[in-house]
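Structure data follow from coords_32.cif (mmCIF, C-alpha atoms):
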```cif
data_start
loop_
_atom_site.label_atom_id
_atom_site.label_comp_id
_atom_site.auth_asym_id
_atom_site.auth_seq_id
_atom_site.Cartn_x
_atom_site.Cartn_y
_atom_site.Cartn_z
CA MET Y 1 -44.52 -167.87 -96.87
CA THR Y 2 -46.01 -171.37 -96.92
CA LEU Y 3 -49.35 -172.25 -95.41
CA LEU Y 4 -47.68 -174.29 -92.67
CA SER Y 5 -45.91 -171.26 -91.30
CA ILE Y 6 -49.12 -169.24 -91.05
CA ALA Y 7 -51.33 -172.00 -89.67
CA LEU Y 8 -52.02 -170.05 -86.47
CA ALA Y 9 -53.38 -167.17 -88.52
CA LEU Y 10 -55.82 -169.27 -90.51
CA VAL Y 11 -58.69 -168.37 -88.20
CA PRO Y 12 -59.11 -164.59 -87.81
CA ASN Y 13 -59.45 -163.36 -84.24
CA THR Y 14 -63.10 -162.42 -84.86
CA ALA Y 15 -63.92 -166.07 -85.61
CA LEU Y 16 -62.19 -167.74 -82.67
CA ASP Y 17 -65.33 -167.73 -80.53
CA ALA Y 18 -67.63 -168.75 -83.41
CA PRO Y 19 -69.09 -172.26 -83.83
CA ALA Y 20 -66.73 -174.88 -85.22
CA ARG Y 21 -68.28 -174.65 -88.67
CA MET Y 22 -67.59 -170.90 -88.81
CA GLN Y 23 -63.99 -171.47 -87.73
CA ALA Y 24 -63.61 -174.13 -90.42
CA ALA Y 25 -65.12 -171.76 -93.00
CA ALA Y 26 -62.69 -169.01 -91.96
CA THR Y 27 -59.77 -171.43 -92.24
CA LEU Y 28 -60.75 -172.46 -95.76
CA GLN Y 29 -61.55 -168.93 -96.88
CA PHE Y 30 -58.18 -167.63 -95.69
CA ALA Y 31 -56.45 -170.35 -97.69
CA LEU Y 32 -58.53 -169.56 -100.78
CA ASP Y 33 -57.69 -165.86 -100.47
CA GLU Y 34 -54.04 -166.11 -99.49
CA ALA Y 35 -52.62 -169.45 -100.61
CA GLU Y 36 -49.86 -169.05 -103.18
CA GLN Y 37 -50.39 -170.14 -106.76
CA GLY Y 38 -47.90 -172.43 -108.47
CA PRO Y 39 -46.38 -175.79 -107.49
CA SER Y 40 -47.43 -175.50 -103.84
CA ALA Y 41 -51.04 -174.43 -104.48
CA LEU Y 42 -52.59 -177.87 -104.03
CA ASP Y 43 -50.47 -178.63 -100.95
CA ASN Y 44 -51.59 -175.38 -99.33
CA LEU Y 45 -55.27 -176.06 -99.98
CA GLU Y 46 -54.94 -179.61 -98.73
CA GLN Y 47 -53.32 -178.44 -95.49
CA ALA Y 48 -56.12 -175.93 -94.93
CA LEU Y 49 -58.62 -178.71 -95.64
CA GLU Y 50 -57.03 -180.91 -92.97
CA LEU Y 51 -57.17 -178.08 -90.42
CA ALA Y 52 -60.85 -177.50 -91.21
CA VAL Y 53 -61.58 -181.20 -90.78
CA ARG Y 54 -60.02 -181.14 -87.31
CA LYS Y 55 -62.09 -178.11 -86.34
CA LEU Y 56 -65.33 -179.75 -87.48
CA GLY Y 57 -64.63 -183.02 -85.68
CA SER Y 58 -64.93 -186.67 -86.58
CA ASP Y 59 -68.76 -186.73 -86.30
CA SER Y 60 -69.26 -183.98 -88.88
CA GLU Y 61 -70.71 -184.87 -92.28
CA ASN Y 62 -69.01 -181.77 -93.70
CA ALA Y 63 -65.68 -183.07 -92.38
CA ALA Y 64 -66.29 -186.33 -94.24
CA ARG Y 65 -67.19 -184.30 -97.32
CA LEU Y 66 -63.90 -182.39 -97.09
CA GLN Y 67 -61.92 -185.59 -96.67
CA SER Y 68 -63.55 -186.99 -99.80
CA LEU Y 69 -62.62 -183.83 -101.72
CA GLY Y 70 -59.04 -184.13 -100.53
CA LYS Y 71 -58.83 -187.67 -101.85
CA GLY Y 72 -60.32 -186.70 -105.22
CA ALA Y 73 -58.34 -183.56 -106.01
CA ARG Y 74 -55.26 -185.17 -107.57
CA PHE Y 75 -57.35 -187.55 -109.66
CA GLU Y 76 -59.45 -184.65 -110.98
CA GLY Y 77 -56.23 -182.79 -111.72
CA PHE Y 78 -54.90 -185.76 -113.66
CA LEU Y 79 -58.04 -185.77 -115.81
CA ALA Y 80 -57.78 -182.00 -116.39
CA GLY Y 81 -54.03 -181.98 -117.00
CA ASN Y 82 -53.14 -179.87 -113.95
CA ASP Y 83 -52.33 -180.37 -110.25
CA GLY Y 84 -55.99 -180.46 -109.18
CA SER Y 85 -55.93 -177.14 -107.30
CA PRO Y 86 -58.44 -175.38 -109.65
CA TRP Y 87 -60.97 -178.17 -109.08
CA LEU Y 88 -60.35 -178.28 -105.32
CA ARG Y 89 -60.59 -174.49 -105.07
CA LYS Y 90 -64.04 -174.54 -106.68
CA GLN Y 91 -65.23 -177.34 -104.39
CA LEU Y 92 -63.92 -175.60 -101.26
CA GLU Y 93 -65.73 -172.40 -102.22
CA SER Y 94 -68.96 -174.41 -102.22
CA VAL Y 95 -68.15 -175.92 -98.82
CA VAL Y 96 -67.39 -172.48 -97.37
CA SER Y 97 -70.73 -171.20 -98.63
CA ASP Y 98 -72.55 -174.10 -96.94
CA LEU Y 99 -70.62 -173.71 -93.68
CA ARG Y 100 -71.47 -170.00 -93.53
CA PHE Y 101 -75.11 -170.48 -94.44
CA GLU Y 102 -77.70 -168.99 -92.09
CA PRO Y 103 -81.42 -169.54 -92.78
CA VAL Y 104 -83.72 -166.64 -93.53
CA LEU Y 105 -86.12 -166.85 -90.59
CA GLU Y 106 -89.38 -165.26 -91.69
CA ALA Y 107 -91.35 -166.23 -88.58
CA ASP Y 108 -90.81 -167.36 -85.01
CA VAL Y 109 -90.32 -171.04 -84.25
CA PRO Y 110 -92.44 -172.79 -81.59
CA VAL Y 111 -91.39 -172.47 -77.97
CA GLY Y 112 -88.59 -174.84 -76.99
CA PHE Y 113 -87.72 -176.01 -80.51
CA PRO Y 114 -84.08 -177.00 -81.10
CA ALA Y 115 -81.74 -174.96 -83.27
CA TRP Y 116 -81.85 -175.75 -86.99
CA THR Y 117 -79.52 -178.45 -88.32
CA PRO Y 118 -76.50 -176.90 -90.09
CA VAL Y 119 -76.43 -177.41 -93.86
CA GLY Y 120 -74.71 -180.63 -94.85
CA GLU Y 121 -74.83 -182.09 -91.34
CA ILE Y 122 -76.82 -184.94 -89.81
CA GLN Y 123 -77.71 -184.52 -86.15
CA ILE Y 124 -79.91 -185.97 -83.42
CA GLN Y 125 -82.48 -183.32 -82.44
CA GLU Y 126 -84.73 -183.40 -79.37
CA TYR Y 127 -88.15 -181.82 -79.84
CA PRO Y 128 -90.50 -180.85 -76.99
CA SER Y 129 -94.21 -181.57 -77.16
CA TYR Y 130 -96.02 -179.08 -79.43
CA ARG Y 131 -99.38 -178.36 -81.03
CA LEU Y 132 -100.04 -178.30 -84.77
CA ALA Y 133 -102.87 -177.92 -87.27
CA ARG Y 134 -102.76 -180.73 -89.85
CA THR Y 135 -104.58 -181.51 -93.08
CA ASN Y 136 -104.39 -184.26 -95.68
CA ILE Y 137 -102.30 -183.51 -98.77
CA GLN Y 138 -103.47 -186.44 -100.87
CA ARG Y 139 -106.97 -185.01 -101.15
CA SER Y 140 -106.12 -181.44 -102.12
CA GLY Y 141 -102.45 -181.37 -103.13
CA SER Y 142 -99.72 -179.43 -101.36
CA ASN Y 143 -100.93 -176.03 -102.61
CA GLY Y 144 -104.50 -176.71 -101.54
CA ALA Y 145 -103.31 -178.02 -98.17
CA PHE Y 146 -101.25 -174.86 -97.59
CA TRP Y 147 -104.16 -172.50 -98.21
CA LYS Y 148 -106.51 -174.63 -96.15
CA LEU Y 149 -104.12 -174.37 -93.21
CA PHE Y 150 -103.57 -170.66 -93.82
CA GLY Y 151 -107.33 -170.13 -93.70
CA HIS Y 152 -107.47 -172.02 -90.43
CA ILE Y 153 -104.85 -169.93 -88.59
CA LYS Y 154 -106.29 -166.72 -90.05
CA SER Y 155 -109.79 -167.55 -88.83
CA GLN Y 156 -108.39 -168.41 -85.39
CA GLU Y 157 -106.14 -165.30 -85.36
CA ILE Y 158 -103.06 -167.48 -84.81
CA ALA Y 159 -99.67 -166.17 -85.90
CA MET Y 160 -97.79 -167.99 -88.63
CA THR Y 161 -94.69 -169.85 -87.44
CA ALA Y 162 -91.79 -171.61 -89.09
CA PRO Y 163 -91.17 -174.29 -90.11
CA VAL Y 164 -94.03 -175.91 -92.04
CA GLU Y 165 -94.11 -179.66 -91.44
CA THR Y 166 -94.83 -182.13 -94.27
CA SER Y 167 -95.15 -185.84 -93.57
CA TYR Y 168 -94.34 -188.56 -96.10
CA SER Y 169 -95.02 -192.22 -96.68
CA LYS Y 170 -92.01 -194.21 -97.81
CA ASP Y 171 -91.51 -197.65 -99.31
CA GLU Y 172 -88.79 -199.13 -101.50
CA ASN Y 173 -90.13 -197.60 -104.71
CA ARG Y 174 -92.03 -194.46 -103.76
CA LEU Y 175 -91.90 -191.40 -101.55
CA ALA Y 176 -95.24 -189.59 -101.26
CA GLN Y 177 -96.50 -186.59 -99.30
CA THR Y 178 -99.34 -187.48 -96.92
CA SER Y 179 -100.07 -184.42 -94.78
CA MET Y 180 -99.04 -180.83 -94.13
CA ALA Y 181 -99.07 -179.02 -90.80
CA PHE Y 182 -98.69 -175.49 -89.46
CA LEU Y 183 -97.17 -175.40 -85.99
CA TYR Y 184 -98.65 -173.39 -83.14
CA GLY Y 185 -96.19 -171.14 -81.33
CA SER Y 186 -97.20 -172.64 -77.99
CA GLN Y 187 -99.49 -175.34 -76.60
CA ASP Y 188 -101.22 -172.54 -74.69
CA ILE Y 189 -102.71 -171.39 -78.00
CA GLY Y 190 -105.98 -172.88 -79.24
CA GLN Y 191 -107.41 -176.25 -78.36
CA ALA Y 192 -106.71 -179.76 -79.65
CA THR Y 193 -109.54 -181.20 -81.79
CA GLU Y 194 -109.64 -183.80 -84.55
CA GLU Y 195 -112.89 -182.67 -86.12
CA GLY Y 196 -113.21 -181.10 -89.57
CA ARG Y 197 -110.83 -180.86 -92.52
CA VAL Y 198 -108.10 -179.43 -90.29
CA GLN Y 199 -107.19 -181.39 -87.14
CA VAL Y 200 -105.45 -179.68 -84.23
CA VAL Y 201 -103.19 -182.25 -82.63
CA ASP Y 202 -100.76 -182.27 -79.69
CA ILE Y 203 -97.53 -184.04 -80.64
CA PRO Y 204 -95.58 -185.67 -77.78
CA ALA Y 205 -91.90 -184.98 -77.24
CA GLN Y 206 -89.79 -186.87 -79.74
CA VAL Y 207 -86.25 -187.42 -80.98
CA MET Y 208 -85.49 -186.81 -84.66
CA LEU Y 209 -82.56 -187.65 -86.92
CA SER Y 210 -82.21 -184.49 -88.98
CA ALA Y 211 -80.33 -183.40 -92.11
CA GLY Y 212 -79.96 -179.69 -92.98
CA MET Y 213 -80.47 -178.76 -96.65
CA ARG Y 214 -80.39 -175.67 -98.88
CA GLY Y 215 -82.69 -175.00 -101.82
CA PHE Y 216 -86.07 -176.43 -102.73
CA ASP Y 217 -87.49 -179.52 -101.06
CA THR Y 218 -88.25 -181.37 -104.29
CA ARG Y 219 -89.31 -185.00 -104.01
CA SER Y 220 -86.04 -186.19 -105.59
CA ARG Y 221 -83.94 -184.19 -103.11
CA VAL Y 222 -86.00 -185.42 -100.17
CA ALA Y 223 -85.61 -189.01 -101.41
CA GLN Y 224 -81.86 -188.54 -101.84
CA THR Y 225 -81.55 -187.13 -98.33
CA CYS Y 226 -83.58 -190.04 -96.94
CA GLU Y 227 -80.94 -192.34 -98.46
CA GLN Y 228 -78.25 -190.40 -96.57
CA LEU Y 229 -80.22 -190.76 -93.33
CA ASP Y 230 -80.66 -194.49 -94.04
CA ALA Y 231 -76.88 -194.77 -94.48
CA TRP Y 232 -76.33 -192.94 -91.18
CA LEU Y 233 -78.66 -195.36 -89.40
CA GLN Y 234 -76.84 -198.29 -91.00
CA ALA Y 235 -73.55 -196.94 -89.66
CA ASN Y 236 -75.05 -196.23 -86.22
CA PRO Y 237 -76.99 -199.41 -85.35
CA ASP Y 238 -77.80 -198.26 -81.83
CA TRP Y 239 -80.31 -195.82 -83.39
CA VAL Y 240 -83.41 -197.00 -85.25
CA ALA Y 241 -86.12 -195.15 -87.20
CA THR Y 242 -89.55 -195.43 -85.59
CA GLY Y 243 -91.65 -193.89 -88.36
CA PRO Y 244 -91.74 -192.38 -91.87
CA PRO Y 245 -89.81 -189.22 -92.83
CA ARG Y 246 -90.92 -185.62 -92.71
CA THR Y 247 -89.63 -182.27 -93.93
CA MET Y 248 -89.48 -179.05 -91.95
CA VAL Y 249 -89.52 -176.16 -94.47
CA TYR Y 250 -88.50 -172.79 -93.08
CA ASN Y 251 -89.22 -170.45 -96.00
CA SER Y 252 -92.14 -169.07 -97.99
CA PRO Y 253 -92.09 -168.74 -101.81
CA MET Y 254 -90.67 -165.23 -101.29
CA VAL Y 255 -87.26 -166.75 -100.51
CA PHE Y 256 -85.59 -168.09 -103.63
CA GLY Y 257 -83.06 -170.71 -104.67
CA SER Y 258 -80.10 -171.52 -102.46
CA ARG Y 259 -81.27 -169.04 -99.79
CA ARG Y 260 -84.05 -171.47 -98.89
CA PHE Y 261 -83.62 -173.93 -96.02
CA PHE Y 262 -85.32 -177.16 -95.00
CA GLU Y 263 -84.64 -180.24 -92.91
CA VAL Y 264 -85.38 -183.89 -93.71
CA GLN Y 265 -86.03 -185.93 -90.57
CA TYR Y 266 -86.81 -189.40 -89.26
CA PRO Y 267 -88.29 -190.04 -85.81
CA VAL Y 268 -85.76 -192.27 -84.05
CA LYS Y 269 -85.03 -193.95 -80.77
CA ARG Y 270 -81.88 -195.33 -79.25
CA ILE Y 271 -82.00 -199.03 -78.62
CA LYS Y 272 -80.22 -200.66 -75.75
CA ASN Y 273 -76.75 -201.25 -77.13
CA THR Y 274 -75.59 -203.86 -74.62
CA LEU Y 275 -78.04 -206.74 -74.41
CA ILE Y 276 -76.05 -208.78 -71.89
CA ASP Y 277 -73.12 -207.69 -69.72
CA PHE Y 278 -71.26 -210.86 -68.78
CA GLY Y 279 -69.29 -208.82 -66.26
CA GLU Y 280 -72.33 -208.56 -63.98
CA ALA Y 281 -71.91 -210.72 -60.91
CA SER Y 282 -75.32 -212.41 -61.30
CA GLU Y 283 -75.28 -212.97 -65.08
CA ALA Y 284 -74.09 -216.59 -64.99
CA GLU Y 285 -77.06 -217.46 -62.75
CA ARG Y 286 -79.51 -216.42 -65.47
CA TRP Y 287 -78.40 -219.22 -67.81
CA ARG Y 288 -79.52 -222.84 -67.54
CA PRO Y 289 -78.10 -225.89 -69.34
CA VAL Y 290 -80.16 -227.85 -71.88
CA ASP Y 291 -77.98 -230.79 -72.95
CA ASP Y 292 -78.57 -234.04 -74.83
CA ALA Y 293 -79.17 -235.71 -71.45
CA VAL Y 294 -82.83 -234.78 -71.98
CA MET Y 295 -82.80 -237.32 -74.82
CA GLY Y 296 -80.61 -239.92 -73.10
CA GLY Y 297 -77.22 -238.51 -74.10
CA ARG Y 298 -74.14 -238.07 -71.94
CA SER Y 299 -73.13 -234.44 -72.66
CA SER Y 300 -73.10 -231.83 -69.91
CA SER Y 301 -72.49 -228.10 -69.67
CA SER Y 302 -72.80 -225.07 -67.42
CA MET Y 303 -72.31 -221.32 -67.34
CA GLU Y 304 -69.89 -220.18 -64.62
CA ARG Y 305 -68.53 -216.80 -63.61
CA SER Y 306 -64.78 -216.52 -64.10
CA VAL Y 307 -62.23 -214.80 -61.86
CA HIS Y 308 -61.56 -212.38 -64.73
CA GLY Y 309 -65.06 -210.88 -64.60
CA SER Y 310 -66.51 -212.76 -67.58
CA CYS Y 311 -68.69 -215.87 -67.93
CA VAL Y 312 -67.52 -219.27 -69.17
CA PHE Y 313 -69.67 -221.76 -71.08
CA GLU Y 314 -67.93 -225.07 -70.41
CA GLY Y 315 -68.60 -228.80 -70.22
CA ASN Y 316 -68.14 -232.05 -72.09
CA LEU Y 317 -69.63 -233.06 -75.44
CA SER Y 318 -70.29 -236.78 -75.98
CA THR Y 319 -71.88 -238.72 -78.84
CA GLU Y 320 -72.69 -241.71 -76.64
CA ASN Y 321 -76.31 -242.94 -76.59
CA ASN Y 322 -76.99 -240.99 -79.83
CA GLY Y 323 -76.21 -237.72 -78.10
CA GLY Y 324 -74.09 -234.90 -79.42
CA PHE Y 325 -75.05 -231.43 -78.19
CA ALA Y 326 -74.62 -229.17 -75.19
CA SER Y 327 -76.31 -225.82 -74.76
CA ILE Y 328 -77.32 -223.08 -72.36
CA ARG Y 329 -80.35 -220.79 -72.48
CA ARG Y 330 -81.42 -217.46 -71.07
CA ALA Y 331 -84.69 -215.54 -71.09
CA VAL Y 332 -84.88 -212.13 -72.83
CA GLU Y 333 -87.60 -209.62 -72.04
CA ALA Y 334 -90.01 -209.25 -74.95
CA GLY Y 335 -89.34 -206.15 -77.04
CA THR Y 336 -85.76 -205.69 -75.83
CA LEU Y 337 -84.32 -206.16 -79.32
CA GLU Y 338 -86.99 -204.21 -81.18
CA GLY Y 339 -85.43 -202.42 -84.15
CA ALA Y 340 -82.09 -204.28 -83.92
CA ARG Y 341 -80.42 -205.31 -87.17
CA ALA Y 342 -77.50 -207.33 -85.83
CA ILE Y 343 -75.97 -208.68 -82.66
CA ARG Y 344 -72.29 -208.47 -81.78
CA LEU Y 345 -70.57 -210.99 -79.51
CA ARG Y 346 -67.22 -210.61 -77.80
CA VAL Y 347 -65.94 -214.13 -77.22
CA ARG Y 348 -62.79 -216.12 -76.56
CA GLY Y 349 -63.23 -219.66 -77.79
CA ASP Y 350 -61.44 -222.95 -78.32
CA GLY Y 351 -61.42 -223.09 -82.12
CA GLN Y 352 -64.78 -224.87 -82.30
CA THR Y 353 -67.93 -223.77 -84.12
CA TYR Y 354 -70.88 -222.62 -82.00
CA GLN Y 355 -74.49 -221.62 -82.62
CA LEU Y 356 -76.23 -218.53 -81.34
CA ARG Y 357 -79.96 -219.18 -81.02
CA PHE Y 358 -83.02 -216.98 -80.55
CA ARG Y 359 -86.48 -218.17 -79.55
CA THR Y 360 -89.69 -216.29 -80.32
CA GLN Y 361 -92.00 -218.95 -78.84
CA GLY Y 362 -92.36 -220.28 -75.33
CA GLY Y 363 -92.03 -223.93 -74.47
CA PHE Y 364 -89.05 -226.18 -73.96
CA ASN Y 365 -89.21 -227.85 -77.38
CA ALA Y 366 -90.06 -224.81 -79.55
CA PRO Y 367 -88.08 -224.17 -82.76
CA SER Y 368 -85.34 -221.55 -82.71
CA TYR Y 369 -83.63 -219.16 -85.11
CA GLN Y 370 -79.99 -220.18 -85.49
CA ALA Y 371 -76.70 -218.87 -86.87
CA GLU Y 372 -73.19 -220.32 -86.53
CA PHE Y 373 -69.94 -218.60 -85.69
CA VAL Y 374 -66.36 -219.85 -85.55
CA THR Y 375 -63.99 -219.19 -82.66
CA PHE Y 376 -60.19 -219.05 -82.54
CA ALA Y 377 -58.46 -220.93 -79.74
CA GLY Y 378 -57.43 -218.59 -76.93
CA GLU Y 379 -58.19 -215.37 -78.86
CA TRP Y 380 -60.71 -212.67 -78.00
CA ILE Y 381 -62.69 -211.77 -81.13
CA GLU Y 382 -65.83 -209.82 -82.02
CA VAL Y 383 -68.44 -211.66 -84.06
CA GLU Y 384 -71.27 -209.72 -85.73
CA LEU Y 385 -74.31 -211.65 -86.95
CA ALA Y 386 -77.03 -209.94 -88.98
CA LEU Y 387 -80.42 -211.00 -87.64
CA GLU Y 388 -81.72 -211.51 -91.18
CA THR Y 389 -79.25 -214.41 -91.62
CA PHE Y 390 -80.76 -216.50 -88.80
CA ASP Y 391 -82.68 -219.59 -90.01
CA LEU Y 392 -85.62 -221.14 -88.17
CA LYS Y 393 -84.97 -224.81 -87.34
CA TRP Y 394 -86.39 -227.55 -85.15
CA ARG Y 395 -83.99 -230.25 -83.98
CA GLY Y 396 -81.56 -229.25 -86.72
CA ARG Y 397 -84.12 -229.41 -89.53
CA PRO Y 398 -85.09 -226.21 -91.42
CA ILE Y 399 -88.73 -225.16 -91.23
CA ARG Y 400 -90.19 -224.44 -94.66
CA ASP Y 401 -91.74 -221.05 -95.41
CA ALA Y 402 -90.63 -219.70 -92.04
CA GLN Y 403 -91.01 -215.98 -91.44
CA PRO Y 404 -87.78 -213.97 -91.00
CA LEU Y 405 -86.66 -213.37 -87.44
CA GLU Y 406 -88.59 -210.43 -85.96
CA PRO Y 407 -86.35 -208.91 -83.25
CA SER Y 408 -89.23 -207.49 -81.22
CA ARG Y 409 -90.60 -211.03 -80.68
CA ILE Y 410 -87.42 -212.52 -79.22
CA LEU Y 411 -88.11 -214.12 -75.83
CA GLY Y 412 -84.93 -216.06 -75.25
CA MET Y 413 -81.46 -216.82 -76.51
CA GLY Y 414 -78.88 -219.55 -76.20
CA LEU Y 415 -75.47 -220.94 -77.12
CA LEU Y 416 -75.00 -224.46 -78.46
CA ILE Y 417 -72.16 -226.70 -79.54
CA ALA Y 418 -73.02 -229.87 -81.44
CA ASN Y 419 -72.19 -232.57 -83.98
CA THR Y 420 -68.77 -234.24 -83.98
CA GLN Y 421 -66.91 -231.71 -81.81
CA VAL Y 422 -66.38 -234.23 -79.03
CA GLY Y 423 -64.52 -233.21 -75.91
#
```
Kindly transcribe the structure held in the file into structure tokens.
Amino acid sequence: MTLLSIALALVPNTALDAPARMQAAATLQFALDEAEQGPSALDNLEQALELAVRKLGSDSENAARLQSLGKGARFEGFLAGNDGSPWLRKQLESVVSDLRFEPVLEADVPVGFPAWTPVGEIQIQEYPSYRLARTNIQRSGSNGAFWKLFGHIKSQEIAMTAPVETSYSKDENRLAQTSMAFLYGSQDIGQATEEGRVQVVDIPAQVMLSAGMRGFDTRSRVAQTCEQLDAWLQANPDWVATGPPRTMVYNSPMVFGSRRFFEVQYPVKRIKNTLIDFGEASEAERWRPVDDAVMGGRSSSSMERSVHGSCVFEGNLSTENNGGFASIRRAVEAGTLEGARAIRLRVRGDGQTYQLRFRTQGGFNAPSYQAEFVTFAGEWIEVELALETFDLKWRGRPIRDAQPLEPSRILGMGLLIANTQVG
């Protein structure tokens, strides 16, 4: 019997109501236990892998991990002189172990805390406000910090909770522990105070980007996981980190090896994804023309609402009287683009080259950060411009030693067409 004909039996009845990761684990385990050896072995494992991916969903990091294994199996088999099924079998056993992993919870978690992040996954977690006791690691080391905090909760007769929070500082070359904290089970316990070697602090509600990990939270593993979180943020530009990383360690030294569990997290916020909706009825009214007529030229332009629910930047470009540019401008509320890395435009053009401009200073004649983009006549396209590529210029001349564009300081934006593109 091939795997295709028993696909409906790949998830045992006892697992049908389990979380998706448990269903995926059951699917893979059934294939590992029952799939036939021989010429069809790799095909059977690959089909089970595809079913598991569908159960986990497109947002799952473990699904992406499985897809990568599927792509690598035949190459690994070529190197080993077989069909790749022995290598894939070993890898799938590891995935199943991670999917089935449940942390050893040695203490209660604070009231209202979210569920732990599954191993191998990256998730957005919402934390309520909570109270913690914190001490500096750099002065006494992590071991000294732990016992200092333990002495604090013992003297206050406060129950130990999980996890233990460790904060880090992070730059391009170094990841360093800065403080350790024990979490109070509730904000009804104790009293906030910042006096002494241990500070009791109330932490406001926050959103964290979290990765679930097995094993020991060594500095190298934390750094490697931070790189994975950085990659996630790069792929999801509507989320931005708002502070340095932390770990949430759930286990004492009495739990060993791969039975241990911790999370690596960044505080994050979601930035407004759509800066300007040109479909809004009043959007065209927010733009004003600034053409070469201010310098004696003959160009003219306007922003008008179209019957198709978009806005149209249109006009006439003339080089008469030493002119040669037409533009429109719009104000942007300060801080709107804080944390943004790029801006994406959806435009239908006329084949000409345009400039997108950002201003960080007030005043009509202030310099602006500029980047060009090319349009295709009559075609809707998406143009993505990284903010780090914008150059600061004044009347077309670069400004030496200019600071890079800081998104949080943007006060206005504009579109401009210039030079010899007459018409």
Residues selected by the PyMOL selection byres ((chain Y and resi 313) around 8), written as a compact mmCIF listing (two decimals) with C-alpha atoms, in the frame of the given file:
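So the final result, stored in result.txt, reads:
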```txt
# COMPACT_ATOMS: atom_id res chain seq x y z
CA SER Y 301 -72.49 -228.10 -69.67
CA SER Y 302 -72.80 -225.07 -67.42
CA MET Y 303 -72.31 -221.32 -67.34
CA GLU Y 304 -69.89 -220.18 -64.62
CA CYS Y 311 -68.69 -215.87 -67.93
CA VAL Y 312 -67.52 -219.27 -69.17
CA GLU Y 314 -67.93 -225.07 -70.41
CA GLY Y 315 -68.60 -228.80 -70.22
CA ILE Y 328 -77.32 -223.08 -72.36
```
* Atom-to-atom span, atom CA of Y:Pro114 and atom CA of Y:Val207, Å -> 10.6 Å
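Across Y:Ser368, Y:Thr247, Y:Ser252, Y:Gln187, the tightest approach to Y:Leu105 is made by Y:Ser252 when counting all atoms listed in the file.
When you apply the PyMOL selection byres ((chain Y and resi 134) around 8) to this structure, what comes back is Leu132, Ala133, Thr135, Asn136, Leu149, Ser179, Met180, Ala181, Phe182, Val198, Gln199, Val200 and Val201 of chain Y.
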* **Y:Asp202 environment, 12 Å, only C-alpha atoms, sequence neighbours closer than 2 positions dropped, as a PyMOL selection string** => chain Y and resi 128-134+181+183-184+186-194+199-200+204-206
* In Å, with one decimal, what is the gap from atom CA of Y:Phe261 to atom CA of Y:Thr166? ->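 Atom-to-atom, atom CA of Y:Phe261 to atom CA of Y:Thr166, that is 14.0 Å.
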* Within 10 Å of Y:Arg89, counting all atoms listed in the file, which residues qualify if same-chain residues fewer than 2 places away don't, as a count of residues only? -> 18
* Structure fact -> Here atom CA of Y:Val383 and atom CA of Y:Val347 stand apart by 7.7 Å
